[in-house]
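Containing compact mmCIF, N, CA and C atoms: target22.txt.
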# COMPACT_ATOMS: atom_id res chain seq x y z
N LEU J 1080 -3.06 9.14 3.17
CA LEU J 1080 -2.08 8.10 3.39
C LEU J 1080 -1.09 8.60 4.42
N VAL J 1081 -0.79 7.77 5.40
CA VAL J 1081 0.14 8.14 6.46
C VAL J 1081 1.31 7.16 6.44
N ALA J 1082 2.50 7.66 6.54
CA ALA J 1082 3.70 6.84 6.65
C ALA J 1082 4.37 7.17 7.98
N GLU J 1083 4.68 6.17 8.73
CA GLU J 1083 5.34 6.38 10.02
C GLU J 1083 6.82 6.07 9.87
N VAL J 1084 7.65 6.99 10.32
CA VAL J 1084 9.10 6.83 10.24
C VAL J 1084 9.65 6.96 11.65
N THR J 1085 10.34 5.93 12.10
CA THR J 1085 10.94 6.01 13.43
C THR J 1085 12.28 6.72 13.35
N CYS J 1086 12.55 7.50 14.38
CA CYS J 1086 13.81 8.21 14.47
C CYS J 1086 13.97 8.71 15.90
N ASP J 1087 15.08 9.34 16.15
CA ASP J 1087 15.31 9.96 17.45
C ASP J 1087 15.18 11.47 17.30
N ALA J 1088 14.56 12.10 18.28
CA ALA J 1088 14.41 13.56 18.25
C ALA J 1088 15.79 14.19 18.07
N GLY J 1089 15.90 15.05 17.07
CA GLY J 1089 17.15 15.74 16.82
C GLY J 1089 18.05 15.09 15.79
N ASP J 1090 17.77 13.83 15.40
CA ASP J 1090 18.64 13.20 14.41
C ASP J 1090 18.32 13.73 13.01
N GLN J 1091 19.01 13.23 12.00
CA GLN J 1091 18.86 13.77 10.65
C GLN J 1091 17.44 13.59 10.11
N ILE J 1092 16.83 12.44 10.36
CA ILE J 1092 15.46 12.20 9.90
C ILE J 1092 14.51 13.17 10.59
N TRP J 1093 14.68 13.38 11.86
CA TRP J 1093 13.82 14.30 12.62
C TRP J 1093 13.96 15.74 12.10
N SER J 1094 15.18 16.12 11.75
CA SER J 1094 15.48 17.52 11.44
C SER J 1094 15.34 17.91 9.97
N ASP J 1095 15.46 16.96 9.06
CA ASP J 1095 15.53 17.27 7.63
C ASP J 1095 14.25 16.81 6.91
N GLU J 1096 13.30 17.73 6.75
CA GLU J 1096 12.01 17.38 6.13
C GLU J 1096 12.19 16.86 4.71
N ALA J 1097 13.07 17.47 3.93
CA ALA J 1097 13.28 17.03 2.55
C ALA J 1097 13.79 15.60 2.50
N LEU J 1098 14.67 15.25 3.42
CA LEU J 1098 15.23 13.90 3.46
C LEU J 1098 14.15 12.87 3.79
N VAL J 1099 13.37 13.13 4.82
CA VAL J 1099 12.35 12.15 5.20
C VAL J 1099 11.27 12.05 4.13
N GLU J 1100 10.90 13.17 3.53
CA GLU J 1100 9.90 13.13 2.45
C GLU J 1100 10.40 12.31 1.27
N GLU J 1101 11.63 12.54 0.87
CA GLU J 1101 12.21 11.80 -0.25
C GLU J 1101 12.28 10.31 0.07
N ARG J 1102 12.67 9.98 1.26
CA ARG J 1102 12.79 8.57 1.66
C ARG J 1102 11.43 7.88 1.63
N VAL J 1103 10.42 8.54 2.17
CA VAL J 1103 9.07 7.95 2.20
C VAL J 1103 8.52 7.79 0.79
N VAL J 1104 8.63 8.83 -0.02
CA VAL J 1104 8.11 8.76 -1.40
C VAL J 1104 8.83 7.66 -2.18
N ALA J 1105 10.13 7.57 -2.04
CA ALA J 1105 10.89 6.53 -2.74
C ALA J 1105 10.43 5.14 -2.31
N ASP J 1106 10.20 4.95 -1.01
CA ASP J 1106 9.71 3.66 -0.52
C ASP J 1106 8.33 3.34 -1.07
N LEU J 1107 7.43 4.32 -1.09
CA LEU J 1107 6.08 4.10 -1.61
C LEU J 1107 6.11 3.77 -3.10
N GLU J 1108 6.99 4.42 -3.83
CA GLU J 1108 7.14 4.11 -5.26
C GLU J 1108 7.71 2.70 -5.45
N ARG J 1109 8.73 2.37 -4.68
CA ARG J 1109 9.36 1.06 -4.81
C ARG J 1109 8.38 -0.07 -4.52
N GLU J 1110 7.46 0.16 -3.60
CA GLU J 1110 6.46 -0.85 -3.25
C GLU J 1110 5.23 -0.79 -4.16
N ASN J 1111 5.27 0.07 -5.18
CA ASN J 1111 4.16 0.24 -6.13
C ASN J 1111 2.85 0.65 -5.45
N ILE J 1112 2.96 1.46 -4.42
CA ILE J 1112 1.78 1.97 -3.73
C ILE J 1112 1.28 3.23 -4.43
N LEU J 1113 2.19 4.05 -4.89
CA LEU J 1113 1.84 5.26 -5.64
C LEU J 1113 3.05 5.73 -6.42
N SER J 1114 2.80 6.68 -7.30
CA SER J 1114 3.92 7.29 -8.03
C SER J 1114 4.05 8.74 -7.58
N ARG J 1115 5.21 9.26 -7.71
CA ARG J 1115 5.52 10.62 -7.27
C ARG J 1115 4.54 11.64 -7.85
N GLY J 1116 4.13 11.45 -9.09
CA GLY J 1116 3.22 12.39 -9.74
C GLY J 1116 1.82 12.42 -9.14
N GLU J 1117 1.47 11.39 -8.38
CA GLU J 1117 0.14 11.34 -7.76
C GLU J 1117 0.05 12.14 -6.46
N ILE J 1118 1.18 12.55 -5.94
CA ILE J 1118 1.21 13.24 -4.66
C ILE J 1118 0.85 14.70 -4.85
N GLU J 1119 -0.18 15.14 -4.16
CA GLU J 1119 -0.61 16.53 -4.25
C GLU J 1119 -0.04 17.39 -3.13
N GLU J 1120 0.18 16.79 -1.98
CA GLU J 1120 0.63 17.56 -0.82
C GLU J 1120 1.26 16.61 0.19
N THR J 1121 2.22 17.10 0.91
CA THR J 1121 2.80 16.32 2.01
C THR J 1121 2.83 17.18 3.27
N HIS J 1122 2.82 16.53 4.38
CA HIS J 1122 2.93 17.22 5.66
C HIS J 1122 3.67 16.29 6.61
N ILE J 1123 4.60 16.83 7.34
CA ILE J 1123 5.35 16.05 8.31
C ILE J 1123 4.91 16.47 9.70
N PHE J 1124 4.49 15.50 10.48
CA PHE J 1124 4.09 15.72 11.86
C PHE J 1124 5.05 14.94 12.73
N ARG J 1125 5.64 15.59 13.67
CA ARG J 1125 6.59 14.94 14.57
C ARG J 1125 5.96 14.69 15.93
N ALA J 1126 6.15 13.49 16.43
CA ALA J 1126 5.67 13.15 17.76
C ALA J 1126 6.81 12.50 18.53
N ARG J 1127 7.20 13.12 19.60
CA ARG J 1127 8.32 12.58 20.39
C ARG J 1127 7.98 11.24 21.02
N HIS J 1128 6.76 11.04 21.37
CA HIS J 1128 6.35 9.80 22.03
C HIS J 1128 5.13 9.26 21.28
N ALA J 1129 5.36 8.38 20.33
CA ALA J 1129 4.28 7.92 19.45
C ALA J 1129 3.51 6.74 20.01
N GLN J 1130 4.00 6.11 21.04
CA GLN J 1130 3.29 4.98 21.62
C GLN J 1130 2.30 5.47 22.68
N PRO J 1131 1.15 4.79 22.80
CA PRO J 1131 0.18 5.19 23.83
C PRO J 1131 0.77 5.04 25.23
N MET J 1132 0.33 5.90 26.12
CA MET J 1132 0.70 5.79 27.53
C MET J 1132 -0.59 5.59 28.32
N TYR J 1133 -0.71 4.44 28.93
CA TYR J 1133 -1.92 4.10 29.66
C TYR J 1133 -1.91 4.70 31.06
N THR J 1134 -3.04 5.26 31.46
CA THR J 1134 -3.22 5.76 32.82
C THR J 1134 -4.38 5.02 33.46
N LEU J 1135 -4.48 5.08 34.76
CA LEU J 1135 -5.60 4.43 35.45
C LEU J 1135 -6.92 4.99 34.94
N GLY J 1136 -7.82 4.11 34.61
CA GLY J 1136 -9.15 4.53 34.17
C GLY J 1136 -9.25 4.93 32.72
N TYR J 1137 -8.19 4.72 31.93
CA TYR J 1137 -8.24 5.14 30.53
C TYR J 1137 -9.30 4.39 29.73
N GLU J 1138 -9.65 3.17 30.18
CA GLU J 1138 -10.58 2.34 29.42
C GLU J 1138 -11.94 3.01 29.20
N GLN J 1139 -12.45 3.67 30.24
CA GLN J 1139 -13.76 4.31 30.13
C GLN J 1139 -13.72 5.48 29.14
N ALA J 1140 -12.70 6.30 29.24
CA ALA J 1140 -12.58 7.44 28.32
C ALA J 1140 -12.39 6.95 26.89
N LEU J 1141 -11.60 5.91 26.71
CA LEU J 1141 -11.37 5.35 25.38
C LEU J 1141 -12.66 4.78 24.80
N ALA J 1142 -13.41 4.04 25.61
CA ALA J 1142 -14.67 3.46 25.14
C ALA J 1142 -15.64 4.55 24.69
N ALA J 1143 -15.73 5.62 25.43
CA ALA J 1143 -16.64 6.72 25.06
C ALA J 1143 -16.19 7.38 23.76
N LEU J 1144 -14.90 7.58 23.61
CA LEU J 1144 -14.37 8.21 22.40
C LEU J 1144 -14.60 7.32 21.18
N LEU J 1145 -14.30 6.03 21.30
CA LEU J 1145 -14.48 5.11 20.18
C LEU J 1145 -15.95 4.98 19.81
N ALA J 1146 -16.84 4.99 20.80
CA ALA J 1146 -18.28 4.93 20.53
C ALA J 1146 -18.72 6.15 19.73
N ALA J 1147 -18.18 7.30 20.06
CA ALA J 1147 -18.53 8.51 19.31
C ALA J 1147 -18.09 8.40 17.86
N PHE J 1148 -16.89 7.90 17.63
CA PHE J 1148 -16.42 7.72 16.25
C PHE J 1148 -17.23 6.66 15.52
N ASP J 1149 -17.55 5.56 16.20
CA ASP J 1149 -18.33 4.50 15.57
C ASP J 1149 -19.69 5.01 15.11
N GLY J 1150 -20.25 5.97 15.83
CA GLY J 1150 -21.54 6.52 15.47
C GLY J 1150 -21.52 7.37 14.22
N LEU J 1151 -20.35 7.76 13.75
CA LEU J 1151 -20.26 8.61 12.56
C LEU J 1151 -20.51 7.84 11.27
N GLY J 1152 -20.14 6.57 11.25
CA GLY J 1152 -20.41 5.75 10.08
C GLY J 1152 -19.41 5.86 8.95
N ASN J 1153 -18.80 7.00 8.77
CA ASN J 1153 -17.85 7.16 7.66
C ASN J 1153 -16.43 7.43 8.16
N VAL J 1154 -16.18 7.08 9.41
CA VAL J 1154 -14.86 7.27 10.01
C VAL J 1154 -14.41 5.96 10.63
N GLU J 1155 -13.18 5.59 10.39
CA GLU J 1155 -12.57 4.42 11.01
C GLU J 1155 -11.32 4.87 11.74
N THR J 1156 -11.12 4.37 12.92
CA THR J 1156 -9.88 4.63 13.63
C THR J 1156 -9.07 3.35 13.65
N CYS J 1157 -7.75 3.49 13.56
CA CYS J 1157 -6.91 2.29 13.55
C CYS J 1157 -5.50 2.66 14.00
N GLY J 1158 -4.73 1.66 14.27
CA GLY J 1158 -3.34 1.86 14.63
C GLY J 1158 -3.15 2.29 16.07
N ARG J 1159 -1.93 2.65 16.38
CA ARG J 1159 -1.56 3.01 17.76
C ARG J 1159 -2.37 4.18 18.27
N GLN J 1160 -2.42 5.24 17.47
CA GLN J 1160 -3.11 6.45 17.92
C GLN J 1160 -4.62 6.32 17.78
N GLY J 1161 -5.09 5.71 16.70
CA GLY J 1161 -6.52 5.64 16.44
C GLY J 1161 -7.27 4.68 17.35
N ARG J 1162 -6.61 3.61 17.78
CA ARG J 1162 -7.26 2.64 18.67
C ARG J 1162 -6.62 2.64 20.06
N PHE J 1163 -5.63 3.48 20.25
CA PHE J 1163 -4.91 3.59 21.52
C PHE J 1163 -4.41 2.21 21.96
N GLN J 1164 -3.71 1.54 21.03
CA GLN J 1164 -3.17 0.21 21.30
C GLN J 1164 -1.67 0.21 21.07
N TYR J 1165 -0.98 -0.49 21.91
CA TYR J 1165 0.46 -0.61 21.80
C TYR J 1165 0.73 -1.80 20.88
N VAL J 1166 0.85 -1.53 19.57
CA VAL J 1166 1.04 -2.60 18.59
C VAL J 1166 2.27 -2.31 17.75
N ASN J 1167 2.82 -3.36 17.16
CA ASN J 1167 3.95 -3.21 16.26
C ASN J 1167 3.48 -2.66 14.91
N THR J 1168 4.42 -2.18 14.12
CA THR J 1168 4.09 -1.54 12.86
C THR J 1168 3.30 -2.45 11.94
N HIS J 1169 3.69 -3.73 11.84
CA HIS J 1169 2.97 -4.63 10.93
C HIS J 1169 1.52 -4.82 11.36
N VAL J 1170 1.26 -4.81 12.65
CA VAL J 1170 -0.11 -4.92 13.15
C VAL J 1170 -0.88 -3.64 12.85
N ALA J 1171 -0.24 -2.50 13.04
CA ALA J 1171 -0.89 -1.22 12.73
C ALA J 1171 -1.22 -1.14 11.24
N MET J 1172 -0.33 -1.64 10.40
CA MET J 1172 -0.61 -1.64 8.96
C MET J 1172 -1.79 -2.55 8.64
N LYS J 1173 -1.85 -3.72 9.26
CA LYS J 1173 -2.98 -4.62 9.04
C LYS J 1173 -4.28 -3.95 9.48
N MET J 1174 -4.24 -3.26 10.59
CA MET J 1174 -5.43 -2.54 11.06
C MET J 1174 -5.86 -1.49 10.04
N GLY J 1175 -4.90 -0.83 9.42
CA GLY J 1175 -5.20 0.17 8.40
C GLY J 1175 -5.86 -0.44 7.18
N TYR J 1176 -5.32 -1.58 6.72
CA TYR J 1176 -5.92 -2.27 5.58
C TYR J 1176 -7.35 -2.70 5.90
N GLU J 1177 -7.54 -3.24 7.10
CA GLU J 1177 -8.88 -3.69 7.49
C GLU J 1177 -9.85 -2.52 7.60
N ALA J 1178 -9.39 -1.40 8.11
CA ALA J 1178 -10.24 -0.21 8.20
C ALA J 1178 -10.63 0.27 6.80
N ALA J 1179 -9.67 0.26 5.88
CA ALA J 1179 -9.96 0.66 4.50
C ALA J 1179 -10.98 -0.28 3.87
N ASP J 1180 -10.83 -1.58 4.11
CA ASP J 1180 -11.79 -2.55 3.57
C ASP J 1180 -13.19 -2.29 4.11
N ARG J 1181 -13.30 -2.00 5.40
CA ARG J 1181 -14.63 -1.73 5.98
C ARG J 1181 -15.25 -0.48 5.36
N LEU J 1182 -14.46 0.57 5.19
CA LEU J 1182 -14.98 1.79 4.57
C LEU J 1182 -15.40 1.54 3.12
N LEU J 1183 -14.58 0.83 2.38
CA LEU J 1183 -14.91 0.55 0.99
C LEU J 1183 -16.19 -0.27 0.88
N SER J 1184 -16.36 -1.25 1.75
CA SER J 1184 -17.58 -2.06 1.69
C SER J 1184 -18.80 -1.23 2.06
N ARG J 1185 -18.67 -0.31 3.01
CA ARG J 1185 -19.79 0.55 3.37
C ARG J 1185 -20.21 1.45 2.21
N PHE J 1186 -19.22 2.02 1.54
CA PHE J 1186 -19.54 2.93 0.43
C PHE J 1186 -20.01 2.17 -0.80
N ALA J 1187 -19.59 0.92 -0.97
CA ALA J 1187 -20.05 0.11 -2.10
C ALA J 1187 -21.53 -0.23 -1.95
N GLU J 1188 -22.00 -0.31 -0.70
CA GLU J 1188 -23.40 -0.64 -0.44
C GLU J 1188 -24.33 0.51 -0.78
N ARG J 1189 -23.81 1.72 -0.88
CA ARG J 1189 -24.66 2.90 -1.12
C ARG J 1189 -25.04 3.03 -2.56

Written as structure tokens, how would this file's structure read?
Amino acid sequence: LVAEVTCDAGDQIWSDEALVEERVVADLERENILSRGEIEETHIFRARHAQPMYTLGYEQALAALLAAFDGLGNVETCGRQGRFQYVNTHVAMKMGYEAADRLLSRFAER
């Protein structure tokens, strides 16, 4: 499970791992997504520039990369980083739900 938190490099959210972890866990509990006791491990990854940056000719490299992932069968890519799309958070979340549904249906067929 991945939670994205927007902040500015150097601000309190960026600098205080305990604060951001507590905030994310509290939000996930409040939304009834999980309970604190279900969490086995957390990791915070910081990215100064989380939106994709398009360069000339990126389409060919992206198509080759996505084709390689599609060939795996048990991997789904989604969201800004996974599909290299400049989308809002609600769209990225929808992409995540849809990816989970596709994986679940594939494994249910087995």

May I ask for the distance between CA of Pro1131 in chain J and atom C of Arg1162 in chain J, given in Å to one decimal place? 8.2 Å

Identify, on the basis of only C-alpha atoms, every residue whose closest approach to Asn1153 in chain J does not exceed 9 Å; exclude the query and any residue fewer than 4 positions from it along the same chain; express the result as a list in words.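 What passes the distance filter is Phe1148, Asp1149, Leu1182, Arg1185 and Phe1186 of chain J.
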
Which residues of range 1116-1165 of chain J sit at most 9 Å from range 1094-1102 of chain J, using only C-alpha atoms? Give each one's shortest atom pair and distance in Å (one decimal place), in chain and ascending residue order, as a tab-separated table.
residue	atom	partner	partner_atom	distance
J:Thr1121	CA	J:Glu1100	CA	7.8
J:His1122	CA	J:Glu1100	CA	8.7
J:Ile1123	CA	J:Glu1096	CA	7.1

Write out the residues from the selection above, keeping N, CA and C atoms, as a CSV table (one decimal), keeping the file's coordinate frame.
chain,number,residue,atom,x,y,z
J,1121,THR,N,2.2,17.1,0.9
J,1121,THR,CA,2.8,16.3,2.0
J,1121,THR,C,2.8,17.2,3.3
J,1122,HIS,N,2.8,16.5,4.4
J,1122,HIS,CA,2.9,17.2,5.7
J,1122,HIS,C,3.7,16.3,6.6
J,1123,ILE,N,4.6,16.8,7.3
J,1123,ILE,CA,5.4,16.0,8.3
J,1123,ILE,C,4.9,16.5,9.7

Could you tell me how far CA of Tyr1165 in chain J sits from CA of Leu1135 in chain J, in Å to one decimal place? 15.8 Å

Between J:Ala1187, J:Met1132, J:Met1174, J:Leu1145, smallest distance to Gly1158 in chain J by only C-alpha atoms belongs to J:Met1174

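Nearest residue to Val1084 in chain J among J:Arg1125, J:Glu1108, J:Ile1118, J:Ala1140 is J:Arg1125, counting only C-alpha atoms.
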
With DSSP run on the backbone, what are the helix (DSSP H, G or I) residues within chain J? I'd like them as a PyMOL selection string. chain J and resi 1091-1094+1096-1109+1115-1117+1137-1149+1158-1162+1168-1187

Give me, as a PDB file with N, CA and C atoms, keeping the file's coordinate frame, all polymer residues having an atom no more than 12 Å from Gln1130 in chain J, counting only C-alpha atoms and skipping those fewer than 3 positions away in the same chain.
ATOM      1  N   GLU J1083       4.680   6.170   8.730  1.00  0.00           N
ATOM      2  CA  GLU J1083       5.340   6.380  10.020  1.00  0.00           C
ATOM      3  C   GLU J1083       6.820   6.070   9.870  1.00  0.00           C
ATOM      4  N   THR J1085      10.340   5.930  12.100  1.00  0.00           N
ATOM      5  CA  THR J1085      10.940   6.010  13.430  1.00  0.00           C
ATOM      6  C   THR J1085      12.280   6.720  13.350  1.00  0.00           C
ATOM      7  N   ALA J1126       6.150  13.490  16.430  1.00  0.00           N
ATOM      8  CA  ALA J1126       5.670  13.150  17.760  1.00  0.00           C
ATOM      9  C   ALA J1126       6.810  12.500  18.530  1.00  0.00           C
ATOM     10  N   ARG J1127       7.200  13.120  19.600  1.00  0.00           N
ATOM     11  CA  ARG J1127       8.320  12.580  20.390  1.00  0.00           C
ATOM     12  C   ARG J1127       7.980  11.240  21.020  1.00  0.00           C
ATOM     13  N   TYR J1133      -0.710   4.440  28.930  1.00  0.00           N
ATOM     14  CA  TYR J1133      -1.920   4.100  29.660  1.00  0.00           C
ATOM     15  C   TYR J1133      -1.910   4.700  31.060  1.00  0.00           C
ATOM     16  N   GLY J1158      -4.730   1.660  14.270  1.00  0.00           N
ATOM     17  CA  GLY J1158      -3.340   1.860  14.630  1.00  0.00           C
ATOM     18  C   GLY J1158      -3.150   2.290  16.070  1.00  0.00           C
ATOM     19  N   ARG J1159      -1.930   2.650  16.380  1.00  0.00           N
ATOM     20  CA  ARG J1159      -1.560   3.010  17.760  1.00  0.00           C
ATOM     21  C   ARG J1159      -2.370   4.180  18.270  1.00  0.00           C
ATOM     22  N   GLN J1160      -2.420   5.240  17.470  1.00  0.00           N
ATOM     23  CA  GLN J1160      -3.110   6.450  17.920  1.00  0.00           C
ATOM     24  C   GLN J1160      -4.620   6.320  17.780  1.00  0.00           C
ATOM     25  N   GLY J1161      -5.090   5.710  16.700  1.00  0.00           N
ATOM     26  CA  GLY J1161      -6.520   5.640  16.440  1.00  0.00           C
ATOM     27  C   GLY J1161      -7.270   4.680  17.350  1.00  0.00           C
ATOM     28  N   ARG J1162      -6.610   3.610  17.780  1.00  0.00           N
ATOM     29  CA  ARG J1162      -7.260   2.640  18.670  1.00  0.00           C
ATOM     30  C   ARG J1162      -6.620   2.640  20.060  1.00  0.00           C
ATOM     31  N   PHE J1163      -5.630   3.480  20.250  1.00  0.00           N
ATOM     32  CA  PHE J1163      -4.910   3.590  21.520  1.00  0.00           C
ATOM     33  C   PHE J1163      -4.410   2.210  21.960  1.00  0.00           C
ATOM     34  N   GLN J1164      -3.710   1.540  21.030  1.00  0.00           N
ATOM     35  CA  GLN J1164      -3.170   0.210  21.300  1.00  0.00           C
ATOM     36  C   GLN J1164      -1.670   0.210  21.070  1.00  0.00           C
ATOM     37  N   TYR J1165      -0.980  -0.490  21.910  1.00  0.00           N
ATOM     38  CA  TYR J1165       0.460  -0.610  21.800  1.00  0.00           C
ATOM     39  C   TYR J1165       0.730  -1.800  20.880  1.00  0.00           C
ATOM     40  N   VAL J1166       0.850  -1.530  19.570  1.00  0.00           N
ATOM     41  CA  VAL J1166       1.040  -2.600  18.590  1.00  0.00           C
ATOM     42  C   VAL J1166       2.270  -2.310  17.750  1.00  0.00           C
ATOM     43  N   ASN J1167       2.820  -3.360  17.160  1.00  0.00           N
ATOM     44  CA  ASN J1167       3.950  -3.210  16.260  1.00  0.00           C
ATOM     45  C   ASN J1167       3.480  -2.660  14.910  1.00  0.00           C
ATOM     46  N   THR J1168       4.420  -2.180  14.120  1.00  0.00           N
ATOM     47  CA  THR J1168       4.090  -1.540  12.860  1.00  0.00           C
ATOM     48  C   THR J1168       3.300  -2.450  11.940  1.00  0.00           C
ATOM     49  N   ALA J1171      -0.240  -2.500  13.040  1.00  0.00           N
ATOM     50  CA  ALA J1171      -0.890  -1.220  12.730  1.00  0.00           C
ATOM     51  C   ALA J1171      -1.220  -1.140  11.240  1.00  0.00           C
TER      52      ALA J1171
END

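A straight line drawn from CA of Ala1147 in chain J to CA of His1169 in chain J is 26.6 Å long.
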
Using only C-alpha atoms, pick whichever of J:Ala1105, J:Glu1110, J:Glu1120, J:Ala1129 has the shortest atom-to-atom distance to Cys1086 in chain J.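 Under the stated criterion, the closest residue is J:Ala1129.
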
Neighbourhood query: residues within 8 Å of (-2.9, 0.2, 1.0), file coordinates, counting only C-alpha atoms; return as a PDB file with N, CA and C atoms, keeping the file's coordinate frame.
ATOM      1  N   ILE J1112       2.960   1.460  -4.420  1.00  0.00           N
ATOM      2  CA  ILE J1112       1.780   1.970  -3.730  1.00  0.00           C
ATOM      3  C   ILE J1112       1.280   3.230  -4.430  1.00  0.00           C
ATOM      4  N   GLY J1175      -4.900  -0.830   9.420  1.00  0.00           N
ATOM      5  CA  GLY J1175      -5.200   0.170   8.400  1.00  0.00           C
ATOM      6  C   GLY J1175      -5.860  -0.440   7.180  1.00  0.00           C
ATOM      7  N   TYR J1176      -5.320  -1.580   6.720  1.00  0.00           N
ATOM      8  CA  TYR J1176      -5.920  -2.270   5.580  1.00  0.00           C
ATOM      9  C   TYR J1176      -7.350  -2.700   5.900  1.00  0.00           C
ATOM     10  N   ALA J1179      -9.670   0.260   5.880  1.00  0.00           N
ATOM     11  CA  ALA J1179      -9.960   0.660   4.500  1.00  0.00           C
ATOM     12  C   ALA J1179     -10.980  -0.280   3.870  1.00  0.00           C
TER      13      ALA J1179
END
